[in-house]
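Notes for the one structure printed next.
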Amino acid sequence: MRPGLKQVRDSQFGAFTAWQVACEYSRAEMRARIDRGEWVRVFHGVYREANTPLSPVLRVEAARLSIGAMSLAAGYHTAAELHGFAVLDGQATHVLGMQHSRSKQIVVHRDRVEPAELEVVGGVLATDAARTAVDVARVASRVDALATLDSAICTGLTREALVAEVSRHMGRRGYQQATELIELADGRAVSPMDSRAGARCIDTHFTALASKPASARRARCARSPRHTASSGG
């Protein structure tokens with residue numbers, strides 16, 4: 001990669017636009033690199049090198065470049081990825097803003113968000129941990145929402161913080177689901193599969209079974225050095 005484009009790429013977490021390429025390469029040179037698989041399309045008008053991992057940070061920056069925004073914040077499932085919460089693989093890139101996206105892989109949420117609810121995670125702007133966990137808990141399926149809440153508590157977010165955050169979402173879609181699942185969340189779950197199994201037990205009325213930790217749930221998060229809390233409640 002030529003020095004000018006390399007410098008741009010490095011300042012954009014590995015992403016670069018077709019317009020930025022045109023400043024260094026001819027159209028034929030660009031097409032040749034794409035055809036050889038050296039450059040891979042991320043979103044409309046935005047590329048990465050094939051050996052550059054498609055990380056959440058790169059996707060958020062690529063979304064910003066594709067939309068043409070000066071700044072952009074990650075939200076919902078993408079913010080959850082940045083915070084290290086459990087979410088389903090293969091999700092679209094979720095961002096907050098008012099701009100229109102030409103890519104079906106970018107979901108723009110026009111939610112109101114206060115500056116205090118945003119923070120820098122991995123170099124990009126995102127909703128904070130509590131706002132992120134509650135947003136996902138509102139809109140995801142119950143099974144997947146509980147997995148996200150379990151992992152949020154497991155990584156150190158307290159149940160009290162989640163309760164305080166969800167109270168600010170009263171009247172919004174999914175408020176009741178999020179409120180119920182926050183009470184059921186268990187930071188001792190060691191995997192999303194464990195969380196989803198517990199959710200299915202609850203939703204099929206096996207309450208007595210669900211209330212008893214499975215063998216996997218006996219391993220508290222505190223045993224892992226990356227976790228700062230056990231159950232959070």
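Here, A, B, ... name the chains of the structure tokens in the order displayed, residue numbers run from 1 inside each chain, and ligands are numbered from 1 in the same displayed order.
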
Inset, instruction - Using DSSP on the backbone coordinates, identify all residues within region 29-103 of chain A classified as strand (DSSP E); present the result as a PyMOL selection string. - result: chain A and resi 39-43+46-49+73-74+93-96

Legend entry - Distance query Thr17 (chain A) at most 10 Å, only C-alpha atoms, self and fewer than 2 positions along chain excluded, as a list in words: Leu5, Val8, Arg9, Gln12, Ala15, Trp19, Gln20, Val21, Ala22, Arg41, Val42, Phe43, His44, Gly45, Val46, Tyr47, Arg48, Ala62, Leu65 and Ser66 of chain A

Take the selection from the previous step and output its residues with N, CA and C atoms, as an mmCIF file, in the first residue's frame.
data_model
loop_
_atom_site.group_PDB
_atom_site.id
_atom_site.type_symbol
_atom_site.label_atom_id
_atom_site.label_comp_id
_atom_site.auth_asym_id
_atom_site.auth_seq_id
_atom_site.Cartn_x
_atom_site.Cartn_y
_atom_site.Cartn_z
ATOM 1 N N LEU A 5 -2.020 6.456 1.379
ATOM 2 C CA LEU A 5 -3.198 5.686 1.759
ATOM 3 C C LEU A 5 -2.944 4.894 3.041
ATOM 4 N N VAL A 8 -3.609 7.136 5.936
ATOM 5 C CA VAL A 8 -5.051 7.308 6.123
ATOM 6 C C VAL A 8 -5.657 6.064 6.759
ATOM 7 N N ARG A 9 -5.294 4.905 6.242
ATOM 8 C CA ARG A 9 -5.797 3.632 6.782
ATOM 9 C C ARG A 9 -5.504 3.508 8.266
ATOM 10 N N GLN A 12 -7.717 5.401 10.550
ATOM 11 C CA GLN A 12 -9.126 5.035 10.477
ATOM 12 C C GLN A 12 -9.365 3.566 10.842
ATOM 13 N N ALA A 15 -9.759 1.056 7.922
ATOM 14 C CA ALA A 15 -10.738 1.295 6.852
ATOM 15 C C ALA A 15 -10.284 2.449 5.956
ATOM 16 N N TRP A 19 -12.837 7.070 -2.428
ATOM 17 C CA TRP A 19 -12.327 8.407 -2.742
ATOM 18 C C TRP A 19 -10.888 8.568 -2.261
ATOM 19 N N GLN A 20 -10.578 8.046 -1.082
ATOM 20 C CA GLN A 20 -9.214 8.116 -0.562
ATOM 21 C C GLN A 20 -8.256 7.284 -1.406
ATOM 22 N N VAL A 21 -8.742 6.149 -1.903
ATOM 23 C CA VAL A 21 -7.931 5.327 -2.803
ATOM 24 C C VAL A 21 -7.619 6.106 -4.076
ATOM 25 N N ALA A 22 -8.627 6.809 -4.596
ATOM 26 C CA ALA A 22 -8.465 7.541 -5.856
ATOM 27 C C ALA A 22 -7.404 8.622 -5.778
ATOM 28 N N ARG A 41 -14.514 -5.145 0.389
ATOM 29 C CA ARG A 41 -15.541 -4.146 0.678
ATOM 30 C C ARG A 41 -16.133 -4.382 2.064
ATOM 31 N N VAL A 42 -16.239 -3.333 2.846
ATOM 32 C CA VAL A 42 -16.871 -3.411 4.164
ATOM 33 C C VAL A 42 -18.321 -2.933 4.053
ATOM 34 N N PHE A 43 -18.488 -1.677 3.647
ATOM 35 C CA PHE A 43 -19.794 -1.094 3.376
ATOM 36 C C PHE A 43 -19.695 -0.298 2.075
ATOM 37 N N HIS A 44 -20.780 0.284 1.670
ATOM 38 C CA HIS A 44 -20.793 1.061 0.432
ATOM 39 C C HIS A 44 -19.662 2.091 0.433
ATOM 40 N N GLY A 45 -18.746 1.953 -0.530
ATOM 41 C CA GLY A 45 -17.674 2.919 -0.699
ATOM 42 C C GLY A 45 -16.526 2.807 0.276
ATOM 43 N N VAL A 46 -16.510 1.775 1.113
ATOM 44 C CA VAL A 46 -15.470 1.640 2.139
ATOM 45 C C VAL A 46 -14.857 0.241 2.073
ATOM 46 N N TYR A 47 -13.538 0.182 2.230
ATOM 47 C CA TYR A 47 -12.803 -1.071 2.083
ATOM 48 C C TYR A 47 -11.837 -1.276 3.238
ATOM 49 N N ARG A 48 -11.317 -2.491 3.303
ATOM 50 C CA ARG A 48 -10.231 -2.847 4.211
ATOM 51 C C ARG A 48 -9.313 -3.803 3.484
ATOM 52 N N ALA A 62 -15.916 2.298 9.621
ATOM 53 C CA ALA A 62 -16.345 2.123 8.232
ATOM 54 C C ALA A 62 -17.762 2.632 8.037
ATOM 55 N N LEU A 65 -17.594 6.396 7.782
ATOM 56 C CA LEU A 65 -17.087 6.803 6.473
ATOM 57 C C LEU A 65 -18.130 6.588 5.384
ATOM 58 N N SER A 66 -18.847 5.473 5.454
ATOM 59 C CA SER A 66 -19.855 5.172 4.434
ATOM 60 C C SER A 66 -21.009 6.168 4.479
#

Inset, instruction - Going by DSSP on the backbone, which bits of region 29-140 of chain A are helix (DSSP H, G or I)? Write them as a ChimeraX atom specification, please. - result: /A:29-35,56-67,76-83,115-117,129-139

Which residues are near Leu58 (chain A)? Cut-off 7 Å, only C-alpha atoms, ignore same chain within fewer than 3 positions. Put them as a PDB file with N, CA and C atoms, in the first residue's frame.
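Output saved as out_20.pdb:
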ATOM      1  N   PHE A  13      -8.533   3.047  11.735  1.00  0.00           N
ATOM      2  CA  PHE A  13      -8.700   1.690  12.268  1.00  0.00           C
ATOM      3  C   PHE A  13      -8.687   0.617  11.180  1.00  0.00           C
ATOM      4  N   GLY A  14      -8.011   0.895  10.056  1.00  0.00           N
ATOM      5  CA  GLY A  14      -7.886  -0.096   8.992  1.00  0.00           C
ATOM      6  C   GLY A  14      -8.840   0.087   7.835  1.00  0.00           C
ATOM      7  N   ALA A  15      -9.759   1.056   7.922  1.00  0.00           N
ATOM      8  CA  ALA A  15     -10.738   1.295   6.852  1.00  0.00           C
ATOM      9  C   ALA A  15     -10.284   2.449   5.956  1.00  0.00           C
ATOM     10  N   LEU A  54     -12.037  -7.898  10.667  1.00  0.00           N
ATOM     11  CA  LEU A  54     -13.249  -7.079  10.638  1.00  0.00           C
ATOM     12  C   LEU A  54     -13.744  -6.906  12.077  1.00  0.00           C
ATOM     13  N   SER A  55     -13.050  -6.078  12.825  1.00  0.00           N
ATOM     14  CA  SER A  55     -13.368  -5.869  14.235  1.00  0.00           C
ATOM     15  C   SER A  55     -14.547  -4.916  14.388  1.00  0.00           C
ATOM     16  N   GLU A  61     -16.079   2.572  12.397  1.00  0.00           N
ATOM     17  CA  GLU A  61     -15.397   3.606  11.611  1.00  0.00           C
ATOM     18  C   GLU A  61     -15.793   3.517  10.141  1.00  0.00           C
ATOM     19  N   ALA A  62     -15.916   2.298   9.621  1.00  0.00           N
ATOM     20  CA  ALA A  62     -16.345   2.123   8.232  1.00  0.00           C
ATOM     21  C   ALA A  62     -17.762   2.632   8.037  1.00  0.00           C
TER      22      ALA A  62
END

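Of the listed residues A:Ser151, A:Ser167, A:Thr179, A:Gln105, the one whose atoms come nearest to Ala137 (chain A) is A:Thr179, with distances taken using only C-alpha atoms.
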
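Counting only C-alpha atoms, the residue from A:Arg33, A:Gln176, A:Gly122, A:Gly75 that sits nearest to Val107 (chain A) is A:Gly75.
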
Legend entry - Residue among A:Val60, A:Leu82, A:Val121, A:Ala147 lying closest to Leu96 (chain A), counting only C-alpha atoms: A:Val60

Legend entry - Distance in Å - CA of Glu49 (chain A) versus CA of Arg2 (chain A): 12.8 Å

Legend entry - Contacts of Ala50 (chain A) at 8 Å (only C-alpha atoms; same-chain gap of 6+ positions) as a PyMOL selection string: chain A and resi 37-40

Could the residues in this selection be saved with C-alpha atoms as a CSV table (one decimal), in the first residue's frame?
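Result file is part_5.csv:
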chain,number,residue,atom,x,y,z
A,37,GLY,CA,-8.9,-10.1,-3.1
A,38,GLU,CA,-6.3,-7.8,-1.6
A,39,TRP,CA,-9.0,-5.2,-0.7
A,40,VAL,CA,-12.4,-6.2,0.6

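Atom pair CA of Ala63 (chain A) / CA of Val108 (chain A): separated by 9.5 Å.
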